[in-house]
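Engineer: Below you will find the structure I want to go over with you.
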Amino acid sequence: MLKPRVSAFLVLGFLMSTMLLTGAAPAAAAEKDLKVAIFAGGCFWCVESDFDAVPGVVRTTSGYIGGFTPNPTYKQVTSKDTGHYEAVQIHYDPKRISYKMLVGILWRSVDPTDDGGQFCDRGDSYKTAVFATSPEQKRIAEESKREIEESGTLKDPIVTAILEAAPFFPAEEYHQNFYKKNPVRYKFYRYRCGRDARVEALWGKEAHRGIAKH
């Protein structure tokens with residue numbers, strides 16, 4: 001019979017070999033290298049759907065950020081008394097896509113000139129915002145905003161706030177990947193809300209640039 005210590009080393013060696021063969025170790029290393037962006041762009045179902053279709057984005061999480069109520073619920077946030085925005089936390093591979101490119105995609109998938117909400121969804125929780133997780137992200141977002149304003153592409157000024165990231169609270173599970181779980185309801189909502197029609201009218205050929213078709 002093997003001694004316990006020797007047996008443990010053999011098991012550990014077997015597990016490490018299995019991880020290398022299956023790619024588990026490289027996957028863990030890749031996870032460590034991912035960066036995070038947090039954007040508010042109205043209904044988080046739509047923002048999540050859009051950014052899931054961006055090459056280089058690994059995963060997205062719908063949630064709430066920017067307010068004063070800890071662990072808020074959807075009902076609390078939409079009642080407009082928590083200070084939170086509906087937002088999406090985006091984990092992305094910086095080797096495949098830059099933060100500047102992500103910010104550029106955000107602008108072209110929302111109406112950044114609307115200070116009252118987004119499309120058919122009105123109220124502070126549906127307003128647009130960039131939540132920078134570092135001074136570098138804040139600088140990039142501000143430069144990107146300035147470049148668009150100076151280009152004259154939009155007739156009205158960008159009112160999207162660029163804020164320092166606060167604690168992010170994931171939304172309820174039924175909101176995660178809603179566009180996949182309830183595709184018919186999601187597509188009807190998006191069409192009825194006029195989201196795509198407004199973005200296309202506002203941005204023209206630049207609308208949804210960088211977002212692959214589902």
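Here, A, B, ... name the chains of the structure tokens in the order displayed, residue numbers run from 1 inside each chain, and ligands are numbered from 1 in the same displayed order.
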Give me every helix (DSSP H, G or I) residue in range 94-180 of chain A, going by DSSP on the backbone, as an NGL selection string.
Structural biologist: :A and (99-107 or 124-126 or 135-151 or 173-175 or 178-180)
Engineer: Return as an NGL selection string the full set of residues in chain A whose backbone-based DSSP assignment is strand (DSSP E or B).
Structural biologist: :A and (35-41 or 57-65 or 85-92 or 117-118 or 121-122 or 128-132 or 161-164 or 168-170)
Engineer: Store the residues of this selection in a file with C-alpha atoms, as a compact mmCIF listing (two decimals), in the first residue's frame.
Structural biologist:
# COMPACT_ATOMS: atom_id res chain seq x y z
CA LYS A 35 -10.39 42.99 -18.23
CA VAL A 36 -13.69 44.49 -17.11
CA ALA A 37 -15.82 47.26 -18.60
CA ILE A 38 -19.13 48.45 -17.14
CA PHE A 39 -21.67 50.30 -19.29
CA ALA A 40 -25.23 51.51 -18.75
CA GLY A 41 -27.23 51.77 -21.95
CA VAL A 57 -16.09 39.81 -25.29
CA VAL A 58 -15.94 36.65 -23.18
CA ARG A 59 -19.04 37.09 -21.01
CA THR A 60 -21.52 39.67 -19.79
CA THR A 61 -23.56 40.10 -16.61
CA SER A 62 -26.64 42.27 -16.21
CA GLY A 63 -26.84 44.19 -12.97
CA TYR A 64 -27.15 47.43 -11.05
CA ILE A 65 -24.56 50.09 -10.20
CA TYR A 85 -28.53 52.33 -13.20
CA GLU A 86 -29.32 49.17 -15.11
CA ALA A 87 -25.90 48.21 -16.43
CA VAL A 88 -23.83 45.39 -17.85
CA GLN A 89 -20.47 44.16 -16.60
CA ILE A 90 -18.37 43.04 -19.55
CA HIS A 91 -15.39 40.70 -19.27
CA TYR A 92 -13.25 41.00 -22.37
CA GLY A 117 -33.68 57.35 -20.29
CA GLN A 118 -33.38 55.25 -23.42
CA ASP A 121 -37.78 53.20 -21.12
CA ARG A 122 -37.84 56.46 -19.18
CA THR A 128 -26.61 55.91 -20.21
CA ALA A 129 -23.29 55.96 -18.38
CA VAL A 130 -19.74 54.69 -18.54
CA PHE A 131 -18.44 53.37 -15.22
CA ALA A 132 -14.65 53.52 -15.40
CA ALA A 161 -22.05 60.47 -17.73
CA ILE A 162 -18.53 59.09 -17.28
CA LEU A 163 -18.28 57.99 -13.66
CA GLU A 164 -15.95 56.06 -11.39
CA PHE A 168 -21.73 46.23 -9.10
CA PHE A 169 -24.67 44.04 -8.06
CA PRO A 170 -25.66 41.24 -10.45
Engineer: Which of these, A:His175, A:Arg192, A:Arg209, A:Lys75, has the shortest distance to Met101 in chain A once you count only C-alpha atoms?
Structural biologist: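 Nearest to Met101 in chain A: A:Arg209.
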Engineer: A:Lys127, A:Lys80, A:Arg190, A:Lys181: which is nearest Thr160 in chain A, counting only C-alpha atoms?
Structural biologist: A:Lys127
Engineer: Do you know which residues are at most 9 Å from Ala212 in chain A counting only C-alpha atoms, after dropping those on the same chain fewer than 3 positions away, and could you put them as a PDB file with C-alpha atoms, in the first residue's frame?
Structural biologist:
ATOM      1  CA  ASP A  50     -25.329  43.593 -28.130  1.00  0.00           C
ATOM      2  CA  ASP A  52     -22.306  39.289 -26.372  1.00  0.00           C
ATOM      3  CA  ALA A  53     -22.100  39.700 -30.154  1.00  0.00           C
ATOM      4  CA  VAL A  54     -18.825  41.661 -29.999  1.00  0.00           C
ATOM      5  CA  PRO A  55     -15.722  39.608 -30.888  1.00  0.00           C
ATOM      6  CA  HIS A 208     -24.145  49.078 -34.211  1.00  0.00           C
ATOM      7  CA  ARG A 209     -20.642  49.168 -35.617  1.00  0.00           C
TER       8      ARG A 209
END
Engineer: Find the distance between CA of Pro183 in chain A and CA of Tyr74 in chain A and write it in Å to one decimal.
Structural biologist: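 Going from CA of Pro183 in chain A over to CA of Tyr74 in chain A, I get 20.0 Å.
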Engineer: Which one is closest to Pro94 in chain A: A:Pro157, A:Lys32, A:Asp81, A:Lys145? Count only C-alpha atoms.
Structural biologist: A:Lys32
Engineer: So that I can check the surroundings of Lys205 in chain A, please list as a list in words every protein, DNA and RNA residue that reaches within 12 Å of it, counting only C-alpha atoms and ignoring chain neighbours fewer than 5 positions away.
Structural biologist: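 What passes the distance filter is Arg108, Ser109, Thr153, Val199, Glu200 and Gly210 of chain A.
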Engineer: For a quick check of understanding, using only C-alpha atoms, which of A:Ile158, A:Ile97, A:Cys193, A:Leu106 has the smallest distance to Val47 in chain A?
Structural biologist: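 Looking at the shortest contact to Val47 in chain A, the residue is A:Leu106.
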Engineer: Mind checking which residues fall within 10 Å of Gly83 in chain A, counting only C-alpha atoms, ignoring those fewer than 6 positions away in the same chain, and posting them as a ChimeraX atom specification?
Structural biologist: /A:64-69,76-77,124-125
Engineer: Could you write those residues out with N, CA and C atoms, as a CSV table (one decimal), in the first residue's frame?
Structural biologist:
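The resulting file, out_5.csv, is shown below:
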chain,number,residue,atom,x,y,z
A,64,TYR,N,-26.8,46.1,-11.5
A,64,TYR,CA,-27.1,47.4,-11.0
A,64,TYR,C,-25.9,48.1,-10.5
A,65,ILE,N,-25.8,49.4,-10.7
A,65,ILE,CA,-24.6,50.1,-10.2
A,65,ILE,C,-24.9,51.6,-10.1
A,66,GLY,N,-24.1,52.2,-9.2
A,66,GLY,CA,-24.1,53.7,-9.1
A,66,GLY,C,-25.1,54.2,-8.0
A,67,GLY,N,-25.8,53.4,-7.3
A,67,GLY,CA,-26.8,53.9,-6.4
A,67,GLY,C,-26.3,53.7,-4.9
A,68,PHE,N,-27.3,53.9,-4.0
A,68,PHE,CA,-27.0,53.8,-2.6
A,68,PHE,C,-27.7,52.7,-1.9
A,69,THR,N,-28.4,51.9,-2.6
A,69,THR,CA,-29.1,50.7,-2.0
A,69,THR,C,-28.3,49.4,-2.2
A,76,GLN,N,-37.0,47.4,-7.0
A,76,GLN,CA,-36.5,48.6,-6.3
A,76,GLN,C,-35.9,49.6,-7.3
A,77,VAL,N,-35.0,49.0,-8.2
A,77,VAL,CA,-34.3,49.9,-9.1
A,77,VAL,C,-35.3,50.6,-10.0
A,124,ASP,N,-34.3,57.6,-14.5
A,124,ASP,CA,-32.9,57.7,-14.2
A,124,ASP,C,-32.2,56.3,-14.3
A,125,SER,N,-32.9,55.2,-14.0
A,125,SER,CA,-32.3,53.9,-14.0
A,125,SER,C,-32.0,53.4,-15.4
Engineer: One decimal, in Å: what's the spacing between CA of Lys95 in chain A and CA of Lys180 in chain A?
Structural biologist: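 One can read the CA of Lys95 in chain A to CA of Lys180 in chain A distance as 27.0 Å.
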Engineer: Ranking A:Cys43, A:Ala201, A:Val184, A:Val103 by minimum distance to Ile148 in chain A and counting only C-alpha atoms, which one comes first?
Structural biologist: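 Between A:Cys43, A:Ala201, A:Val184, A:Val103, the residue approaching Ile148 in chain A most closely is A:Val103.
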